[in-house]
Amino acid sequence: MSGGAAGRAGIQISPAVREAARKAGEELLRDLRTSAGGLRQAEAEERARTTGPNEVAREKPQGWFVRLLRIVRNPLVILLAILSSVSFATGDARAGTVMAMMVLLSAGFRFLQEARADAAAAKLRAMIHVTATAMRDGEPKEIPLRELVPGDIVHLSAGDMIPGDVRVLASKDLFVSQGSLTGESLPVEKLHEAETVAADSPAEVKNICFLGTSVQSGTATAVVVVTGPDTYFGRMAGSIAGERAPTSFDAGLNGFTWLMIRLMAIMAPLVFVINGVTKHDWEGAFFFALAVAVGLTPEMLPMVVSVCLAKGAMAMSRKKVIVKRLNAIQNFGGMDVLCTDKTGTLTEDRVVLMRHCDVSGAESEVVLLDGYLISYFQTGLKNLLDRAILDSPDFKAREILSRYKKLDEIPFDFNRRMMSVLVEDPEGEAILLTKGAPEEVFHHSSHFELDGKLSPMEEELMAGLKEEYASLSNDGFRVLAVATKRLPGKRVCSKEDEGALVLRGYVAFLDPPKESAGRALEALHRNGVAVKILTGDNALISRKVCGDVGLAADPMMVGSDVEKMTEGELAEAAEKTTLFARLSPAHKERVIGALRGKGHVVGFMGDGINDAPALRAADVGISVDTATDIAKESADLILLEKDLTVLQGGVTEGRKVFANVLKYIRMGASSNFGNMFSVLGASAFVPYLPMAPIQVLTNNLLYDFSQVPIPADGVDEEQVARPRPWNLAEIRRFILFIGPISSVFDYTTFFVMLWVFGCWDKSRAAVFQTGWFVESLMTQTLIIHVIRTHKIPFVQSRASVPVMLTTVSVMAFGIWLPYSPVASPLGFAHLPPMYWPILALTLVAYVGLTQTVKSWLVRKRWI
């Protein structure tokens with residue numbers, strides 16, 4: 001698919017809304033079969049039966065049965081259940097019971113952990129229960145949002161949520177905050193005049209307000225054009241509903257699981273055939289092969305992963321990160337690219353007066369005073385820019401305001417794009433103070449003031465004035481011009497007085513960078529996470545913010561650039577670009593897909609409706625508790641503060657989780673791979689079963705028990721210093737080099753048991769089996785401490801207390817078993833006294849050789 005096609009496939013305004021934007025108000029009311037007095041209640045109810053409730057698609061919570069079904073669909077659980085059933089069917093109830101216990105423990109624990117996580121996430125969902133003021137039966141009534149229908153006439157005022165995709169019929173000073181849809185940091189003006197050009201994006205249409213946005217200031221009357229799933233918000237929500245694509249962690253676990261199953265599928269038949277042919281005991285060979293199959297299965301993987309993730313979720317909650325989807329934790333740690341909007345993340349998400357300067361750009365208290373008086377005395381609803389001026393810490397309001405008196409005002413309108421107040425100064429003279437869009441104020445000005453001198457607005461001087469205004473705009477500021485005019489003797493004013501003004505200077509506004517943003521970005525960079533800004537906002541503003549926090553803004557891409565690129569071109573460009581501006585939701589989704597296609601683990605942080613598709617497309621979607629409902633529903637993690645510093649703490653916890661999951665996988669996989677050679681060799685030349693089936697299962701169960709505390713184990717600092725993406729090739733290398741080492745010492749044990757302790761005699765089979773059982777259990781359990789760290793175990797890095805205790809307990813239990821009351825039922829025999837010093841030498845040599853090979857692999861950077 002070409003880049004253009006992909007962009008056009010994104011979410012667009014519905015055709016009905018596009019048509020409504022271009023029609024005159026009266027014509028639109030006729031088409032919608034409504035009037036200025038609204039619908040009759042009976043008529044609204046009839047329409048509701050056709051259109052359905054005014055609700056958008058939501059991700060339905062999983063019932064307990066669906067969750068349980070998904071858990072037991074795990075190939076390891078299915079395999080163990082089959083092997084358990086076969087054991088029961090063939091009369092080996094002991095083995096069947098052990099396997100069934102493994103299934104219940106693994107699946108049951110995971111079910112409980114996921115149920116708890118979902119319950120916590122449900123409490124976080126901000127369920128919106130709001131009403132709208134709609135005309136019904138000729139009277140204004142408060143109607144629940146879900147009951148609104150196309151044709152309803154609604155009244156909007158400051159603070160109202162837009163109840164559907166509505167066409168403005170009449171408005172006064174209407175400003176709508178639609179950043180959650182478009183990414184714009186400032187409220188936008190909404191008009192009631194018909195559009196002349198069709199538009200596909202919410203940022204381009206001026207007389208339509210969209211569901212999910214809100215009124216910042218002003219009032220309006222509007223007609224509902226579409227509701228629910230037909231709205232822009234609804235179409236977006238519908239596009240992201242359904243199953244998520246597997247993340248890199250999910251895919252990696254699946255790959256490892258099937259690798260182990262394939263290994264088992266080869267090994268079990270081989271063991272069965274070899275033992276059947278050499279021992280002529282096909283029944284014994286069958287049960288031994290069955291036990292070997294279980295031993296090669298990493299049956300505790302789902303449980304260990306669930307415990308690791310659950311403990312990680314608890315640790316992250318203490319760092320103000322709420323985990324909504326457990327599997328996202330590892331992706332959080334493996335993330336090497338973080339894509340985020342700038343508003344509220346790099347910036348404070350508030351408008352601040354940053355500059356008050358004369359026409360040359362020099363700071364001016366006079367300009368600040370004029371701007372303050374206009375914002376203070378105007379009686380209309382004060383917008384964000386007015387409040388920013390009034391909140392300015394640079395102005396001592398109380399002393400000065402008492403010396404001025406308001407006489408009259410000329411309200412703001414969208415044709416003039418400016419407003420004025422007439423005040424009486426301390427000398428009793430009337431002064432008209434005006435602020436507005438610079439190009440409009442220029443047009444109405446005859447002179448400008450600089451250093452107390454007036455100069456005419458002549459053509460040769462205008463270039464310099466416009467250059468200063470352009471300089472502020474290019475720095476990302478939202479700029480208003482301030483002008484004055486003396487009106488001696490006047491007590492009232494009109495629009496005709498807004499001529500021959502004197503331009504005083506400019507007030508410039510910005511959403512300022514957070515103080516913590518630069519430090520957080522530096523910390524993420526040190527930890528191997530590249531930050532990219534994906535915003536729907538203005539390119540100039542975005543470039544300014546990036547420069548302020550130390551992010552390289554060049555090269556920069558805008559939505560139109562993304563639109564033109566093929567997937568391959570975008571993938572190459574996305575890796576080199578830090579700032580993407582003026583992006584639509586579809587563009588953000590494509591950029592994230594392109595980065596994932598290049599092998600990156602991508603996180604996306606967003607809080608708006610327009611961020612929902614990107615949140616779903618990323619390996620890990622991150623939102624905040626103040627985000628829109630659809631953003632939180634699409635996210636995997638929810639931050640209790642919209643701050644990159646909080647994010648950094650969560651990344652570290654995610655890496656700890658992955659490190660501990662990887663420990664289990666390395667331990668189990670290398671042990672199983674080594675056991676494969678040992679079992680095959682012993683089956684070929686030992687004249688009896690090298691270990692009884694129940695002994696194989698007991699060994700496996702005890703080894704699994706020794707690994708249960710792994711989720712609580714400590715992690716070395718270097719293991720969380722960089723992203724740890726899933727790498728199956730690295731696991732294979734570890735298995736190939738570390739696994740066979742255990743076989744070397746298994747074979748030395750076979751030699752000792754057969755030649756030193758005379759176990760060629762079949763009557764001493766129990767001694768051989770006991771000797772191999774104890775050696776296998778001891779070496780597997782002890783080697784955990786070598787595999788868990790890249791350092792020297794016990795010296796440079798020590799395991800956690802729970803891991804140490806289980807190691808000692810399992811090894812002590814293994815030594816006690818041959819002399820215990822259960823020795824006979826399990827087929828164990830007493831071991832010769834000389835066995836124990838030989839075992840001690842074996843353990844020392846095994847640990848030493850494994851540490852040597854591991855250190856070599858670390859130096860080669862192969863693991």
# chains A, B, ... in the order shown; residues from 1 in each chain; ligands from 1
call {"tool": "select_by_dssp", "arguments": {"residues": "stretch 594-639 of chain A", "states": "strand (DSSP E)", "output": "ChimeraX atom specification"}}
result
/A:602-605,620-624,637-639
call {"tool": "write_last_selection", "arguments": {"atoms": "N, CA, C and O atoms", "output": "compact mmCIF listing (two decimals), in the first residue's frame"}}
result
# COMPACT_ATOMS: atom_id res chain seq x y z
N VAL A 602 8.40 -0.37 20.61
CA VAL A 602 7.92 1.02 20.61
C VAL A 602 6.86 1.23 21.69
O VAL A 602 5.89 0.47 21.78
N GLY A 603 7.07 2.27 22.50
CA GLY A 603 6.05 2.71 23.44
C GLY A 603 5.42 3.98 22.91
O GLY A 603 6.10 4.78 22.24
N PHE A 604 4.14 4.17 23.17
CA PHE A 604 3.48 5.42 22.79
C PHE A 604 2.73 5.97 23.99
O PHE A 604 1.97 5.26 24.64
N MET A 605 2.95 7.25 24.28
CA MET A 605 2.31 7.91 25.41
C MET A 605 1.35 8.97 24.88
O MET A 605 1.77 9.90 24.19
N VAL A 620 3.69 -1.06 23.67
CA VAL A 620 3.15 -0.71 24.98
C VAL A 620 2.50 0.67 24.87
O VAL A 620 3.15 1.64 24.50
N GLY A 621 1.19 0.73 25.18
CA GLY A 621 0.45 1.98 25.16
C GLY A 621 0.42 2.56 26.56
O GLY A 621 0.08 1.88 27.52
N ILE A 622 0.77 3.84 26.68
CA ILE A 622 0.88 4.50 27.98
C ILE A 622 -0.04 5.71 27.99
O ILE A 622 0.03 6.55 27.09
N SER A 623 -0.89 5.79 29.01
CA SER A 623 -1.77 6.96 29.13
C SER A 623 -1.66 7.48 30.57
O SER A 623 -0.84 7.02 31.36
N VAL A 624 -2.53 8.45 30.90
CA VAL A 624 -2.51 9.05 32.24
C VAL A 624 -3.91 9.02 32.81
O VAL A 624 -4.90 8.87 32.08
N LEU A 637 -0.68 0.74 30.19
CA LEU A 637 -0.21 1.29 31.46
C LEU A 637 -0.82 2.68 31.64
O LEU A 637 -0.99 3.41 30.67
N ILE A 638 -1.12 3.04 32.88
CA ILE A 638 -1.68 4.36 33.16
C ILE A 638 -0.80 5.03 34.22
O ILE A 638 -0.60 4.49 35.31
N LEU A 639 -0.28 6.21 33.87
CA LEU A 639 0.54 6.97 34.80
C LEU A 639 -0.35 7.86 35.67
O LEU A 639 -1.29 8.47 35.17
call {"tool": "closest_residue", "arguments": {"among": "A:Met267, A:Cys357, A:Ile261, A:Ala823", "to": "A:Gly681", "atoms": "only C-alpha atoms"}}
result
A:Met267
call {"tool": "residues_around", "arguments": {"residues": "A:Thr196", "least_positions_apart": "5", "cutoff": "9 Å", "atoms": "only C-alpha atoms", "output": "VMD selection string"}}
result
chain A and resid 21 to 23
call {"tool": "residues_around", "arguments": {"residues": "stretch 253-256 of chain A", "least_positions_apart": "5", "cutoff": "12 Å", "atoms": "only C-alpha atoms", "output": "number ranges by chain"}}
result
A: 74-76, 246-248, 261-263, 297-298, 301-302, 305, 327, 330, 658, 661-662, 664-666, 668-669, 725-732, 735
call {"tool": "residues_around", "arguments": {"residues": "A:Gly827", "least_positions_apart": "5", "cutoff": "12 Å", "atoms": "only C-alpha atoms", "output": "list in words"}}
result
Leu689, Pro690, Met691, Ala692, Pro693, Ile694, Gln695, Val696, Thr698, Arg764, Ala765, Ala766, Val767, Phe768, Gln769, Thr770, Gly771, Phe773, Leu817, Pro818, Tyr819, Ser820, Pro821 and Val822 of chain A
call {"tool": "select_by_dssp", "arguments": {"residues": "stretch 390-620 of chain A", "states": "alpha helix (DSSP H)", "output": "ChimeraX atom specification"}}
result
/A:390,397-401,438-444,459-474,517-526,539-548,559-564,567-576,585-597,612-617
call {"tool": "residues_around", "arguments": {"residues": "A:Leu697", "least_positions_apart": "6", "cutoff": "9 Å", "atoms": "only C-alpha atoms", "output": "JSON, numbers by chain"}}
result
{"A": [95, 98, 99, 291, 292, 294, 295]}
call {"tool": "closest_atom_pairs", "arguments": {"of": "stretch 313-422 of chain A", "to": "stretch 577-592 of chain A", "cutoff": "12 Å", "atoms": "only C-alpha atoms", "output": "JSON lines"}}
result
{"residue": "A:Val337", "atom": "CA", "partner": "A:Ile592", "partner_atom": "CA", "distance": 9.5}
{"residue": "A:Leu338", "atom": "CA", "partner": "A:Ile592", "partner_atom": "CA", "distance": 9.7}
{"residue": "A:Cys339", "atom": "CA", "partner": "A:Ile592", "partner_atom": "CA", "distance": 7.9}
{"residue": "A:Thr340", "atom": "CA", "partner": "A:Lys588", "partner_atom": "CA", "distance": 9.9}
{"residue": "A:Asp341", "atom": "CA", "partner": "A:Phe580", "partner_atom": "CA", "distance": 9.5}
{"residue": "A:Lys342", "atom": "CA", "partner": "A:Leu579", "partner_atom": "CA", "distance": 9.8}
call {"tool": "residues_around", "arguments": {"residues": "A:Tyr376", "least_positions_apart": "6", "cutoff": "10 Å", "atoms": "only C-alpha atoms", "output": "VMD selection string"}}
result
chain A and resid 370 382 386 to 387 389 to 390 397 401 406 421
call {"tool": "atom_distance", "arguments": {"atom1": "atom CA of A:Met101", "atom2": "atom CA of A:Gly252"}}
result
26.3 Å
call {"tool": "closest_atom_pairs", "arguments": {"of": "stretch 524-639 of chain A", "to": "stretch 513-517 of chain A", "cutoff": "7 Å", "atoms": "only C-alpha atoms", "output": "Markdown table"}}
result
| residue | atom | partner | partner_atom | distance |
| --- | --- | --- | --- | --- |
| A:Val545 | CA | A:Pro513 | CA | 6.4 |
| A:Asp548 | CA | A:Pro513 | CA | 6.9 |
| A:Val549 | CA | A:Ala517 | CA | 6.3 |
call {"tool": "atom_distance", "arguments": {"atom1": "atom CA of A:Ile13", "atom2": "atom CA of A:Val558"}}
result
20.5 Å
call {"tool": "atom_distance", "arguments": {"atom1": "atom CA of A:Glu193", "atom2": "atom CA of A:Val351"}}
result
28.3 Å
